[in-house]
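Undergrad: What follows is input.cif, made up of mmCIF, C-alpha atoms and all ligand atoms:
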data_run
loop_
_atom_site.label_atom_id
_atom_site.label_comp_id
_atom_site.auth_asym_id
_atom_site.auth_seq_id
_atom_site.Cartn_x
_atom_site.Cartn_y
_atom_site.Cartn_z
CA MET A 1 112.76 102.24 139.31
CA THR A 2 109.66 100.33 140.38
CA SER A 3 107.63 98.38 137.88
CA ASN A 4 104.58 100.42 138.87
CA PHE A 5 106.32 103.55 137.80
CA LEU A 6 107.35 101.90 134.56
CA MET A 7 103.81 100.78 133.79
CA ARG A 8 102.49 104.23 134.42
CA GLU A 9 105.08 105.63 132.05
CA CYS A 10 104.15 103.01 129.45
CA ARG A 11 100.52 104.11 129.57
CA ARG A 12 101.49 107.73 129.35
CA THR A 13 103.77 107.03 126.42
CA ALA A 14 101.05 105.07 124.64
CA ARG A 15 98.74 108.03 125.04
CA ASN A 16 101.25 110.49 123.56
CA LEU A 17 103.02 108.33 121.02
CA GLN A 18 101.04 109.24 117.89
CA ARG A 19 101.40 112.94 118.55
CA PHE A 20 105.06 112.45 119.34
CA LEU A 21 105.68 110.69 116.05
CA ASP A 22 103.42 112.86 113.88
CA ARG A 23 104.52 116.27 115.13
CA ASP A 24 101.35 117.69 113.64
CA PRO A 25 100.96 121.46 114.07
CA SER A 26 97.36 120.95 115.25
CA ALA A 27 98.37 118.85 118.23
CA PRO A 28 101.85 119.59 119.45
CA LEU A 29 103.17 117.90 122.58
CA SER A 30 104.61 120.16 125.24
CA GLU A 31 108.40 120.17 125.45
CA ASP A 32 108.06 118.37 128.78
CA ASP A 33 105.89 115.62 127.40
CA ARG A 34 108.15 115.24 124.41
CA ARG A 35 111.23 114.76 126.58
CA ARG A 36 109.36 112.33 128.76
CA VAL A 37 108.39 110.17 125.79
CA GLU A 38 111.96 110.30 124.52
CA ALA A 39 113.37 109.26 127.87
CA HIS A 40 110.91 106.44 128.24
CA LEU A 41 111.61 105.07 124.76
CA LYS A 42 115.27 104.87 125.68
CA GLU A 43 114.63 102.75 128.73
CA CYS A 44 111.62 100.63 127.76
CA GLU A 45 112.07 98.04 125.07
CA LYS A 46 108.37 97.27 124.78
CA CYS A 47 107.42 100.86 124.01
CA ARG A 48 110.44 101.30 121.76
CA THR A 49 109.33 98.31 119.70
CA LEU A 50 105.84 99.70 119.49
CA SER A 51 107.16 103.05 118.33
CA GLU A 52 109.29 101.37 115.67
CA GLU A 53 106.32 99.37 114.45
CA PHE A 54 104.24 102.52 114.05
CA GLN A 55 107.07 104.19 112.18
CA ALA A 56 107.39 101.18 109.92
CA LEU A 57 103.67 101.19 109.28
CA HIS A 58 103.73 104.87 108.45
CA SER A 59 106.62 104.56 106.06
CA SER A 60 104.94 101.64 104.25
CA LEU A 61 101.73 103.64 103.90
CA SER A 62 103.61 106.70 102.76
CA ASP A 63 105.48 104.63 100.15
CA LEU A 64 102.15 103.37 98.94
CA GLY A 65 101.06 107.01 98.64
CA SER A 66 103.96 107.84 96.34
CA THR A 67 102.77 105.13 93.95
CA LEU A 68 99.25 106.62 93.94
CA ALA A 69 100.05 110.11 92.64
CA PRO A 70 97.47 111.23 90.09
CA SER A 71 98.79 111.23 86.54
CA ASP A 72 99.75 114.44 84.74
CA GLU A 73 97.00 113.56 82.27
CA ALA A 74 94.37 113.58 85.02
CA VAL A 75 95.58 116.98 86.22
CA ASP A 76 95.52 118.31 82.63
CA ARG A 77 92.02 116.93 82.08
CA VAL A 78 90.52 118.74 85.07
CA LYS A 79 92.28 121.98 84.10
CA ALA A 80 90.99 121.72 80.54
CA ALA A 81 87.47 121.00 81.76
CA LEU A 82 87.63 124.03 84.04
CA ASP A 83 88.73 126.26 81.15
CA ARG A 84 85.83 125.00 79.05
CA ALA A 85 83.34 125.58 81.83
CA LEU A 86 84.53 129.11 82.47
CA GLN A 87 84.56 130.00 78.80
CA ALA A 88 81.01 128.74 78.41
CA GLU A 89 80.05 130.87 81.38
CA THR A 90 81.69 134.15 80.45
CA GLY A 91 82.01 133.76 76.71
CA GLN A 92 85.63 134.78 77.13
CA PRO A 93 88.81 132.81 76.70
CA MET B 1 95.67 124.72 114.43
CA GLY B 2 94.88 126.34 111.13
CA GLU B 3 91.92 128.57 110.65
CA ARG B 4 88.72 127.04 109.52
CA HIS B 5 87.02 128.18 106.38
CA ASN B 6 83.40 127.66 105.70
CA GLY B 7 84.03 127.16 102.01
CA GLN B 8 80.61 128.51 101.13
CA VAL B 9 80.36 130.44 97.94
CA GLN B 10 78.75 133.67 98.95
CA PRO B 11 77.85 136.67 96.87
CA SER B 12 80.76 138.99 97.08
CA ASP B 13 80.10 142.24 98.83
CA ALA B 14 83.67 143.45 98.76
CA SER B 15 85.09 145.10 95.69
CA PRO B 16 84.92 142.57 92.89
CA MET B 17 88.14 141.06 91.70
CA SER B 18 89.23 141.72 88.17
CA ASP B 19 89.37 138.68 85.91
CA ALA B 20 93.10 139.02 85.64
CA ALA B 21 93.57 139.14 89.43
CA ARG B 22 91.25 136.16 89.82
CA ARG B 23 93.17 134.15 87.27
CA GLU B 24 96.44 135.08 88.87
CA ALA B 25 95.30 134.11 92.38
CA PHE B 26 93.86 130.88 91.06
CA ALA B 27 97.10 129.93 89.31
CA ARG B 28 99.14 130.72 92.39
CA HIS B 29 97.02 129.22 95.17
CA VAL B 30 94.78 126.64 93.58
CA GLU B 31 96.55 124.96 90.70
CA PRO B 32 99.41 123.57 92.81
CA GLU B 33 96.81 121.79 94.98
CA ILE B 34 95.09 119.92 92.13
CA PRO B 35 97.04 116.67 92.65
CA VAL B 36 96.21 116.51 96.36
CA LEU B 37 92.57 117.35 95.61
CA LEU B 38 92.48 114.43 93.20
CA ARG B 39 93.92 112.12 95.86
CA VAL B 40 91.40 113.18 98.47
CA ALA B 41 88.52 113.04 96.01
CA ARG B 42 89.59 109.55 95.06
CA THR B 43 89.50 108.51 98.71
CA LEU B 44 86.05 110.03 99.19
CA THR B 45 84.42 108.76 96.01
CA GLY B 46 86.27 105.48 95.55
CA SER B 47 86.60 106.03 91.81
CA ALA B 48 89.07 107.91 89.61
CA ALA B 49 86.36 109.16 87.22
CA ASP B 50 84.13 110.43 90.02
CA ALA B 51 87.19 112.04 91.61
CA GLU B 52 87.87 114.03 88.44
CA ASP B 53 84.25 115.19 88.25
CA LEU B 54 84.31 116.24 91.88
CA VAL B 55 87.59 118.12 91.49
CA GLN B 56 86.35 119.91 88.35
CA GLU B 57 83.27 121.13 90.14
CA THR B 58 85.38 122.10 93.17
CA LEU B 59 87.72 124.16 90.96
CA ILE B 60 84.83 126.01 89.35
CA ARG B 61 83.48 126.95 92.77
CA ALA B 62 86.93 127.92 94.01
CA TYR B 63 87.44 130.13 90.97
CA ARG B 64 84.19 131.95 91.60
CA ALA B 65 84.97 132.31 95.31
CA MET B 66 88.56 133.39 94.77
CA ASP B 67 87.87 136.90 96.14
CA GLN B 68 86.78 135.40 99.47
CA PHE B 69 90.02 133.51 99.96
CA ASP B 70 92.26 135.15 102.58
CA GLY B 71 95.52 133.83 101.16
CA ALA B 72 96.42 131.84 104.26
CA HIS B 73 95.68 128.11 103.92
CA PRO B 74 94.72 127.33 100.35
CA ARG B 75 94.65 123.58 100.86
CA ALA B 76 92.32 123.72 103.84
CA TRP B 77 90.08 126.19 102.03
CA LEU B 78 89.92 123.98 98.95
CA LEU B 79 89.28 120.83 100.97
CA THR B 80 86.28 122.50 102.59
CA ILE B 81 84.91 123.44 99.16
CA LEU B 82 85.60 119.90 97.98
CA ARG B 83 83.67 118.42 100.88
CA ASN B 84 80.68 120.72 100.40
CA THR B 85 80.69 120.10 96.67
CA GLY B 86 80.88 116.37 97.23
CA SER B 87 77.95 116.37 99.63
CA ASN B 88 75.86 118.34 97.13
CA LEU B 89 76.76 116.14 94.18
CA ARG B 90 76.06 113.07 96.20
CA ARG B 91 72.73 114.29 97.47
CA ARG B 92 71.73 114.89 93.87
CA THR B 93 72.94 111.65 92.35
CA ARG B 94 72.93 109.11 95.17
CA PRO B 95 70.68 110.29 98.00
CA ASP B 96 71.01 106.82 99.52
CA LEU B 97 74.71 107.37 100.08
CA VAL B 98 74.64 110.73 101.76
CA GLU B 99 74.82 109.15 105.18
CA ASP B 100 77.90 107.21 104.21
CA TRP B 101 79.55 110.27 102.84
CA ASN B 102 79.01 112.15 106.04
CA ALA B 103 80.23 109.19 107.99
CA LEU B 104 83.49 109.35 106.07
CA ALA B 105 83.97 113.00 106.68
CA ASP B 106 87.70 113.32 108.48
CA PRO B 107 92.49 114.10 107.01
CA LYS B 108 96.78 113.65 107.95
CA PRO B 109 100.36 114.93 108.85
CA ALA B 110 103.76 113.54 108.29
CA PHE B 111 104.90 111.00 110.77
CA GLY B 112 108.22 111.44 109.18
CA ALA B 113 109.82 114.22 111.14
CA GLU B 114 110.62 112.20 114.22
CA ARG B 115 113.09 109.33 114.11
CA PRO B 116 114.02 108.82 117.75
CA GLU B 117 115.83 105.54 117.30
CA THR B 118 117.04 104.56 113.88
CA PRO B 119 115.51 101.11 113.50
CA GLN B 120 118.75 99.72 112.18
CA ASP B 121 117.82 96.49 113.88
CA ALA B 122 114.85 96.61 111.53
CA VAL B 123 111.65 95.86 113.30
CA LEU B 124 110.06 96.14 109.97
CA VAL B 125 110.23 93.51 107.45
CA ASP B 126 109.34 95.10 104.17
CA VAL B 127 105.61 95.30 103.97
CA LEU B 128 104.16 93.87 100.82
CA ASP B 129 101.72 96.17 99.15
CA GLU B 130 99.18 93.42 98.72
CA GLU B 131 99.06 92.62 102.40
CA LEU B 132 99.05 96.31 103.22
CA GLU B 133 96.12 96.99 100.95
CA ARG B 134 94.24 94.04 102.38
CA ALA B 135 94.73 95.44 105.88
CA ILE B 136 93.54 98.87 104.75
CA ASN B 137 90.46 97.43 103.14
CA ALA B 138 89.64 95.46 106.28
CA LEU B 139 89.22 98.72 108.20
CA ASP B 140 85.84 100.27 108.84
CA ALA B 141 85.25 103.00 106.23
CA ARG B 142 85.47 105.88 108.70
CA PHE B 143 88.81 104.69 110.04
CA ARG B 144 90.06 103.91 106.57
CA ALA B 145 89.34 107.40 105.24
CA VAL B 146 91.40 109.03 107.99
CA LEU B 147 94.31 106.61 107.69
CA VAL B 148 94.46 106.97 103.91
CA MET B 149 94.31 110.74 103.97
CA VAL B 150 96.91 111.18 106.71
CA ASP B 151 99.32 108.26 106.32
CA VAL B 152 99.01 107.51 102.62
CA HIS B 153 98.37 110.97 101.16
CA GLY B 154 100.18 113.04 103.78
CA LEU B 155 97.45 115.44 104.89
CA SER B 156 97.76 117.18 108.24
CA TYR B 157 95.22 116.52 111.00
CA ALA B 158 93.58 119.89 110.24
CA GLU B 159 93.42 119.22 106.50
CA CYS B 160 91.89 115.81 107.08
CA ALA B 161 89.37 117.43 109.43
CA GLU B 162 88.40 119.93 106.71
CA ALA B 163 88.06 117.25 104.06
CA LEU B 164 85.77 115.14 106.22
CA GLY B 165 83.97 117.89 108.14
CA ILE B 166 84.85 116.48 111.55
CA PRO B 167 86.79 117.88 114.51
CA VAL B 168 90.56 117.44 114.73
CA GLY B 169 90.13 115.41 117.91
CA THR B 170 87.98 112.93 116.03
CA VAL B 171 90.62 112.67 113.32
CA MET B 172 93.19 111.85 116.00
CA SER B 173 91.13 109.21 117.73
CA ARG B 174 90.13 107.50 114.48
CA LEU B 175 93.71 107.63 113.24
CA SER B 176 94.99 106.08 116.42
CA ARG B 177 92.50 103.23 116.23
CA ALA B 178 93.12 102.69 112.53
CA ARG B 179 96.88 102.50 113.06
CA ASP B 180 96.49 100.13 115.93
CA ARG B 181 94.37 97.78 113.87
CA MET B 182 96.76 98.00 110.96
CA ARG B 183 99.70 97.22 113.20
CA LYS B 184 97.97 94.21 114.69
CA HIS B 185 96.77 92.96 111.32
CA LEU B 186 100.25 93.24 109.83
CA LYS B 187 101.87 91.58 112.83
CA ALA B 188 99.40 88.73 112.71
CA THR B 189 100.24 88.12 109.06
CA GLY B 190 103.96 88.33 109.76
CA ARG B 191 104.48 91.53 107.80
CA LEU B 192 105.61 93.45 110.83
CA SER B 193 107.68 91.44 113.25
ZN ZN A 201 107.08 101.38 128.23
#
Before we go any further, please render this structure as structure tokens.

TA:
Amino acid sequence: MTSNFLMRECRRTARNLQRFLDRDPSAPLSEDDRRRVEAHLKECEKCRTLSEEFQALHSSLSDLGSTLAPSDEAVDRVKAALDRALQAETGQP
Amino acid sequence: MGERHNGQVQPSDASPMSDAARREAFARHVEPEIPVLLRVARTLTGSAADAEDLVQETLIRAYRAMDQFDGAHPRAWLLTILRNTGSNLRRRTRPDLVEDWNALADPKPAFGAERPETPQDAVLVDVLDEELERAINALDARFRAVLVMVDVHGLSYAECAEALGIPVGTVMSRLSRARDRMRKHLKATGRLS
């Protein structure tokens, strides 16, 4: 495998990596592209490291998200305020 | 991608919903989304109190518009109402900030599904929250909003797009730049090796 080919595959992988990792329904990779990213990650340490770093970043951010869940009290407050507003509007419970 | 909803509250021309049906639809489709609405509102307003006000107003509008909801993507529908409500509230209270608000306008999916290589050989030193938050705050506001909605709060690309009123492609490009900056910032500070 020539290094030119490898570099081209690195660029291609970089372009598709976020979609590959996210698997978002809005932006699916074709099965072909997916396999190509997979194959490249197996053979290229540089891209594999990059991919692992993005996964690590995501999991840190996602962990942060689980600490930021709104409290049950906040949810109850907005529900109660909604009930009051609708009662005032319709005069019904 | 998911359908788009304009989230406008229009006078209903279809047969009006009974109060009981409206309450039932609201409890089924809207109430489960209140926590995520609070998260997104918090990201948009930057304050927990403002977020509650915004979500309250959003819920009132959603309740009134319940008969226009097609039952398909409640979260996307609600995020559109939230964005429109937020722009209106903001125009009324802080006309100077309307530009900023619009500039923020973009949401996230789960990275989680794909684990091609278990990073047993841990690339990732545990990231300290403090350093992580510093890196987030160093981002430009538009990039930050997308990263927080998608990576922190778990919105899909389409949901983030609804919340911010921007195209999905813009969500993707901002997300990619935000992640790249985060990765570099965290590497430079030794949090990601
Ligand atoms: Zn490569």

Undergrad: Find the residues near Leu86 of chain A: any atom within 12 Å, counting only C-alpha atoms, skip ones fewer than 5 places away on the same chain, and give them as a list in words.

TA: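 Result of the neighbour search: Lys79, Ala80, Ala81, Gly91, Gln92 and Pro93 of chain A; Asp19, Arg23, Gln56, Glu57, Leu59, Ile60, Arg61, Ala62, Tyr63 and Arg64 of chain B.
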
Undergrad: Identify, counting all atoms listed in the file, the protein, DNA and RNA residues located within 7 Å of ligand ZN 201 (chain A), and give them as a PDB file with C-alpha atoms, in the frame of the given file.

TA:
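Result file is part-v9.pdb:
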ATOM      1  CA  LEU A   6     107.350 101.900 134.560  1.00  0.00           C
ATOM      2  CA  MET A   7     103.810 100.780 133.790  1.00  0.00           C
ATOM      3  CA  GLU A   9     105.080 105.630 132.050  1.00  0.00           C
ATOM      4  CA  CYS A  10     104.150 103.010 129.450  1.00  0.00           C
ATOM      5  CA  THR A  13     103.770 107.030 126.420  1.00  0.00           C
ATOM      6  CA  HIS A  40     110.910 106.440 128.240  1.00  0.00           C
ATOM      7  CA  LEU A  41     111.610 105.070 124.760  1.00  0.00           C
ATOM      8  CA  CYS A  44     111.620 100.630 127.760  1.00  0.00           C
ATOM      9  CA  GLU A  45     112.070  98.040 125.070  1.00  0.00           C
ATOM     10  CA  LYS A  46     108.370  97.270 124.780  1.00  0.00           C
ATOM     11  CA  CYS A  47     107.420 100.860 124.010  1.00  0.00           C
TER      12      CYS A  47
END

Undergrad: Got a sec: who's within 10 Å of Leu68 of chain A, counting all atoms listed in the file, leaving out chain neighbours fewer than 4 positions off, as a PyMOL selection string?

TA: (chain A and resi 62-64) or (chain B and resi 39+152-153)

Undergrad: Which distance in Å separates atom CA of Arg142 of chain B and atom CA of Thr49 of chain A, to one decimal?

TA: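 Atom-to-atom, atom CA of Arg142 of chain B to atom CA of Thr49 of chain A, that is 27.3 Å.
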
Undergrad: Near chain B, which residues of chain A fall within 10 Å when you count only C-alpha atoms, and what do they look like as an MDAnalysis selection string?

TA: chainID A and resid 15 17:28 37:38 41:42 48:72 74:83 85:86

Undergrad: So how far away is atom CA of Ala178 of chain B from atom CA of Ala39 of chain A, in Å?

TA: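 About the pair atom CA of Ala39 of chain A and atom CA of Ala178 of chain B: they are 26.2 Å apart.
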
Undergrad: Which of these, B:Gln68, B:Thr43, B:Thr189, B:Asn137, has the shortest distance to Gly86 of chain B once you count only C-alpha atoms?

TA: B:Thr43

Undergrad: Just to confirm, what's the straight-line distance from atom CA of Val40 of chain B to atom CA of Ala163 of chain B in Å (one decimal)?

TA: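 Separation between atom CA of Val40 of chain B and atom CA of Ala163 of chain B: 7.7 Å.
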
Undergrad: With 5 Å on each side, where is the centre of the axis-aligned box around all listed atoms of segment 154-162 of chain B, and how long are its edges in Å to one decimal, as lines of an AutoDock Vina configuration file?

TA:
center_x = 94.3
center_y = 116.5
center_z = 107.4
size_x = 21.8
size_y = 16.9
size_z = 17.2

Undergrad: Once N, CA and C atoms are restored for segment 161-184 of chain B, what would the output be as an mmCIF file, keeping the file's coordinate frame?

TA:
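This is the output file part.cif:
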data_model
loop_
_atom_site.group_PDB
_atom_site.id
_atom_site.type_symbol
_atom_site.label_atom_id
_atom_site.label_comp_id
_atom_site.auth_asym_id
_atom_site.auth_seq_id
_atom_site.Cartn_x
_atom_site.Cartn_y
_atom_site.Cartn_z
ATOM 1 N N ALA B 161 90.593 116.991 108.761
ATOM 2 C CA ALA B 161 89.370 117.430 109.430
ATOM 3 C C ALA B 161 88.499 118.255 108.482
ATOM 4 N N GLU B 162 89.145 119.132 107.685
ATOM 5 C CA GLU B 162 88.400 119.930 106.710
ATOM 6 C C GLU B 162 87.761 119.037 105.656
ATOM 7 N N ALA B 163 88.551 118.097 105.154
ATOM 8 C CA ALA B 163 88.060 117.250 104.060
ATOM 9 C C ALA B 163 86.862 116.411 104.495
ATOM 10 N N LEU B 164 86.839 116.014 105.755
ATOM 11 C CA LEU B 164 85.770 115.140 106.220
ATOM 12 C C LEU B 164 84.689 115.878 107.002
ATOM 13 N N GLY B 165 84.963 117.128 107.377
ATOM 14 C CA GLY B 165 83.970 117.890 108.140
ATOM 15 C C GLY B 165 83.799 117.380 109.549
ATOM 16 N N ILE B 166 84.888 116.950 110.162
ATOM 17 C CA ILE B 166 84.850 116.480 111.550
ATOM 18 C C ILE B 166 85.925 117.211 112.355
ATOM 19 N N PRO B 167 85.791 117.191 113.686
ATOM 20 C CA PRO B 167 86.790 117.880 114.510
ATOM 21 C C PRO B 167 88.164 117.187 114.471
ATOM 22 N N VAL B 168 89.205 117.979 114.712
ATOM 23 C CA VAL B 168 90.560 117.440 114.730
ATOM 24 C C VAL B 168 90.704 116.299 115.749
ATOM 25 N N GLY B 169 90.056 116.458 116.896
ATOM 26 C CA GLY B 169 90.130 115.410 117.910
ATOM 27 C C GLY B 169 89.570 114.079 117.416
ATOM 28 N N THR B 170 88.551 114.159 116.589
ATOM 29 C CA THR B 170 87.980 112.930 116.030
ATOM 30 C C THR B 170 88.934 112.310 115.008
ATOM 31 N N VAL B 171 89.594 113.165 114.239
ATOM 32 C CA VAL B 171 90.620 112.670 113.320
ATOM 33 C C VAL B 171 91.668 111.886 114.108
ATOM 34 N N MET B 172 92.121 112.475 115.218
ATOM 35 C CA MET B 172 93.190 111.850 116.000
ATOM 36 C C MET B 172 92.749 110.512 116.597
ATOM 37 N N SER B 173 91.529 110.475 117.098
ATOM 38 C CA SER B 173 91.130 109.210 117.730
ATOM 39 C C SER B 173 90.889 108.125 116.682
ATOM 40 N N ARG B 174 90.319 108.514 115.527
ATOM 41 C CA ARG B 174 90.130 107.500 114.480
ATOM 42 C C ARG B 174 91.464 107.020 113.927
ATOM 43 N N LEU B 175 92.390 107.965 113.770
ATOM 44 C CA LEU B 175 93.710 107.630 113.240
ATOM 45 C C LEU B 175 94.419 106.643 114.166
ATOM 46 N N SER B 176 94.318 106.930 115.458
ATOM 47 C CA SER B 176 94.990 106.080 116.420
ATOM 48 C C SER B 176 94.417 104.656 116.390
ATOM 49 N N ARG B 177 93.106 104.573 116.294
ATOM 50 C CA ARG B 177 92.500 103.230 116.230
ATOM 51 C C ARG B 177 92.832 102.531 114.928
ATOM 52 N N ALA B 178 92.809 103.288 113.840
ATOM 53 C CA ALA B 178 93.120 102.690 112.530
ATOM 54 C C ALA B 178 94.549 102.150 112.522
ATOM 55 N N ARG B 179 95.488 102.937 113.049
ATOM 56 C CA ARG B 179 96.880 102.500 113.060
ATOM 57 C C ARG B 179 97.067 101.274 113.939
ATOM 58 N N ASP B 180 96.373 101.272 115.042
ATOM 59 C CA ASP B 180 96.490 100.130 115.930
ATOM 60 C C ASP B 180 95.996 98.846 115.265
ATOM 61 N N ARG B 181 94.882 98.961 114.578
ATOM 62 C CA ARG B 181 94.370 97.780 113.870
ATOM 63 C C ARG B 181 95.297 97.353 112.759
ATOM 64 N N MET B 182 95.815 98.311 112.032
ATOM 65 C CA MET B 182 96.760 98.000 110.960
ATOM 66 C C MET B 182 97.989 97.278 111.512
ATOM 67 N N ARG B 183 98.504 97.813 112.605
ATOM 68 C CA ARG B 183 99.700 97.220 113.200
ATOM 69 C C ARG B 183 99.424 95.782 113.617
ATOM 70 N N LYS B 184 98.296 95.567 114.240
ATOM 71 C CA LYS B 184 97.970 94.210 114.690
ATOM 72 C C LYS B 184 97.748 93.274 113.504
#
